[in-house]
Amino acid sequence: MKRTPFSLISSASLFTSGIRYSACCWAVLFCSLNAVSTAAAETPEDVLKEIVTKIKAESNTAPIVEYVDWETAFSKAPADQKTMMQIGSPEDLKSFYREMLQDPSAMMRRHVEKRLGEASPDQQAMIQATMAQMETEMQKREDEMKKRISETEYTVGESKVDGEEATVELSSSYQGDTKTHEVRFVKSGEKWLLASPGFAMESKAPTTAPGSAGPAPLPAPSQP
């Protein structure tokens with residue numbers, strides 16, 4: 001059927017109206033989503049609740065590494081420890097903590113094995129024996145920690161915000177023993193992040209980390 005100018009104009013008008021209607025719908029949807037996003041901006045206690053949920057789900061504190069302000073943590077870590085552990089950037093520090101929290105025994109073995117070549121045969125035997133003993137003890141503590149995390153009840157309090165910093169009260173109850181901690185947060189852009197990985201370290205087996213206490217010392221390599 002041949003289209004008249006009027007029918008073409010009408011079709012174009014309907015098409016244009018459809019575009020305008022779709023644009024209006026998208027504009028309304030965008031405004032609605034933006035309003036929801038603004039209204040649902042995470043508070044420090046929201047972030048801490050999310051952290052606790054993930055820790056409970058995995059029975060491990062490793063998820064914390066995704067919620068730390070690593071720029072700040074790196075700048076405050078002791079220089080000698082960063083040098084010793086060959087940590088040269090915030091990302092290095094994050095990777096270090098992720099490995100340490102996920103599998104501290106494997107991490108310890110990897111670092112100690114680097115020292116074996118510097119030791120005498122007798123010292124190598126001592127180091128390996130000590131390492132095996134420590135791995136057994138660390139695995140035992142890891143198993144105990146998983147059980148403890150799964151059986152601990154956490155209660156997140158309200159946050160106290162002071163500019164770019166905030167604290168959130170966290171209570172943990174395990175076998176009738178209740179402890180309360182103040183967890184520190186800092187504002188990074190639009191996000192609230194943990195001021196340091198110390199929150200994760202409070203409940204981990206002993207290991208060597210920048211800003212944390214180290215394990216029992218291993219025999220030192222012989223000096224030339």
# chains A, B, ... in the order shown; residues from 1 in each chain; ligands from 1

$ residues_around --residues "range 166-170 of chain A" --least-positions-apart "6" --cutoff "8 Å" --atoms "only C-alpha atoms" --output "list in words"
Pro44, Glu45, Leu48, Tyr154, Thr155, Val156, Gly157, Glu158, Ser159, Lys160, Thr180, His181, Glu182, Val183, Arg184, Phe185 and Val186 of chain A

$ residues_around --residues "Phe96 in chain A" --least-positions-apart "4" --cutoff "9 Å" --atoms "only C-alpha atoms" --output "list in words"
Met85, Ile87, Glu91, Asp92, Met100, Leu101, Met107 and Ala209 of chain A

$ closest_atom_pairs --of "range 77-171 of chain A" --to "range 191-198 of chain A" --cutoff "9 Å" --atoms "only C-alpha atoms" --output "JSON lines"
{"residue": "A:Tyr97", "atom": "CA", "partner": "A:Pro197", "partner_atom": "CA", "distance": 8.0}
{"residue": "A:Glu164", "atom": "CA", "partner": "A:Trp192", "partner_atom": "CA", "distance": 8.8}
{"residue": "A:Glu165", "atom": "CA", "partner": "A:Trp192", "partner_atom": "CA", "distance": 8.6}
{"residue": "A:Ala166", "atom": "CA", "partner": "A:Trp192", "partner_atom": "CA", "distance": 8.5}

$ closest_residue --among "A:Lys187, A:Lys54, A:Lys82, A:Arg109" --to "Gln133 in chain A" --atoms "only C-alpha atoms"
A:Arg109

$ closest_residue --among "A:Ser188, A:Ser172, A:Thr178, A:Pro78" --to "Ile149 in chain A" --atoms "only C-alpha atoms"
A:Ser172

$ atom_distance --atom1 "CA of Gln139 in chain A" --atom2 "CA of Thr61 in chain A"
15.1 Å

$ atom_distance --atom1 "CA of Gln175 in chain A" --atom2 "CA of Thr152 in chain A"
7.8 Å

$ atom_distance --atom1 "CA of Tyr67 in chain A" --atom2 "CA of Arg148 in chain A"
21.9 Å

$ decode --residues "range 71-100 of chain A" --atoms "N, CA and C atoms" --output "CSV table (one decimal), in the first residue's frame"
chain,number,residue,atom,x,y,z
A,71,GLU,N,46.3,1.6,51.3
A,71,GLU,CA,47.2,2.8,51.1
A,71,GLU,C,47.6,3.2,52.5
A,72,THR,N,46.7,3.4,53.4
A,72,THR,CA,47.0,3.8,54.8
A,72,THR,C,47.8,2.8,55.5
A,73,ALA,N,47.3,1.5,55.4
A,73,ALA,CA,48.0,0.4,56.1
A,73,ALA,C,49.5,0.3,55.7
A,74,PHE,N,49.7,0.5,54.4
A,74,PHE,CA,51.1,0.4,53.9
A,74,PHE,C,51.9,1.5,54.4
A,75,SER,N,51.4,2.7,54.4
A,75,SER,CA,52.1,3.9,54.9
A,75,SER,C,52.5,3.8,56.3
A,76,LYS,N,51.7,3.1,57.1
A,76,LYS,CA,51.9,3.0,58.6
A,76,LYS,C,52.7,1.8,59.0
A,77,ALA,N,52.9,0.8,58.1
A,77,ALA,CA,53.6,-0.4,58.4
A,77,ALA,C,55.1,-0.1,58.6
A,78,PRO,N,55.8,-0.6,59.6
A,78,PRO,CA,57.2,-0.4,59.8
A,78,PRO,C,58.0,-0.7,58.6
A,79,ALA,N,58.9,0.3,58.3
A,79,ALA,CA,59.8,0.1,57.1
A,79,ALA,C,60.7,-1.1,57.1
A,80,ASP,N,61.2,-1.4,58.3
A,80,ASP,CA,62.1,-2.6,58.4
A,80,ASP,C,61.4,-3.9,58.1
A,81,GLN,N,60.1,-4.0,58.6
A,81,GLN,CA,59.3,-5.2,58.3
A,81,GLN,C,58.9,-5.3,56.8
A,82,LYS,N,58.6,-4.1,56.2
A,82,LYS,CA,58.3,-4.2,54.8
A,82,LYS,C,59.5,-4.6,54.0
A,83,THR,N,60.6,-4.1,54.3
A,83,THR,CA,61.9,-4.5,53.6
A,83,THR,C,62.1,-6.0,53.8
A,84,MET,N,62.0,-6.5,55.1
A,84,MET,CA,62.3,-7.9,55.4
A,84,MET,C,61.3,-8.8,54.6
A,85,MET,N,60.0,-8.4,54.5
A,85,MET,CA,59.1,-9.3,53.8
A,85,MET,C,58.9,-9.0,52.3
A,86,GLN,N,59.8,-8.1,51.8
A,86,GLN,CA,59.8,-7.7,50.4
A,86,GLN,C,58.4,-7.2,50.0
A,87,ILE,N,57.9,-6.3,50.8
A,87,ILE,CA,56.6,-5.6,50.5
A,87,ILE,C,56.9,-4.2,50.0
A,88,GLY,N,56.6,-3.9,48.7
A,88,GLY,CA,57.0,-2.6,48.2
A,88,GLY,C,55.8,-1.8,47.8
A,89,SER,N,54.6,-2.2,48.0
A,89,SER,CA,53.4,-1.5,47.6
A,89,SER,C,52.2,-1.9,48.4
A,90,PRO,N,51.1,-1.1,48.4
A,90,PRO,CA,49.9,-1.4,49.1
A,90,PRO,C,49.3,-2.8,48.6
A,91,GLU,N,49.5,-3.0,47.3
A,91,GLU,CA,49.0,-4.3,46.7
A,91,GLU,C,49.8,-5.4,47.2
A,92,ASP,N,51.1,-5.2,47.4
A,92,ASP,CA,51.9,-6.3,47.9
A,92,ASP,C,51.5,-6.7,49.3
A,93,LEU,N,51.2,-5.6,50.1
A,93,LEU,CA,50.8,-5.8,51.5
A,93,LEU,C,49.4,-6.6,51.5
A,94,LYS,N,48.5,-6.2,50.6
A,94,LYS,CA,47.2,-6.9,50.5
A,94,LYS,C,47.4,-8.4,50.2
A,95,SER,N,48.2,-8.6,49.2
A,95,SER,CA,48.5,-10.0,48.8
A,95,SER,C,49.1,-10.8,50.0
A,96,PHE,N,50.0,-10.2,50.7
A,96,PHE,CA,50.7,-10.8,51.8
A,96,PHE,C,49.7,-11.2,52.9
A,97,TYR,N,48.8,-10.3,53.2
A,97,TYR,CA,47.8,-10.6,54.2
A,97,TYR,C,46.8,-11.7,53.7
A,98,ARG,N,46.4,-11.6,52.5
A,98,ARG,CA,45.5,-12.6,51.9
A,98,ARG,C,46.0,-14.0,52.1
A,99,GLU,N,47.3,-14.2,51.7
A,99,GLU,CA,47.9,-15.5,51.8
A,99,GLU,C,48.1,-15.9,53.2
A,100,MET,N,48.5,-15.0,54.1
A,100,MET,CA,48.7,-15.3,55.5
A,100,MET,C,47.4,-15.7,56.2
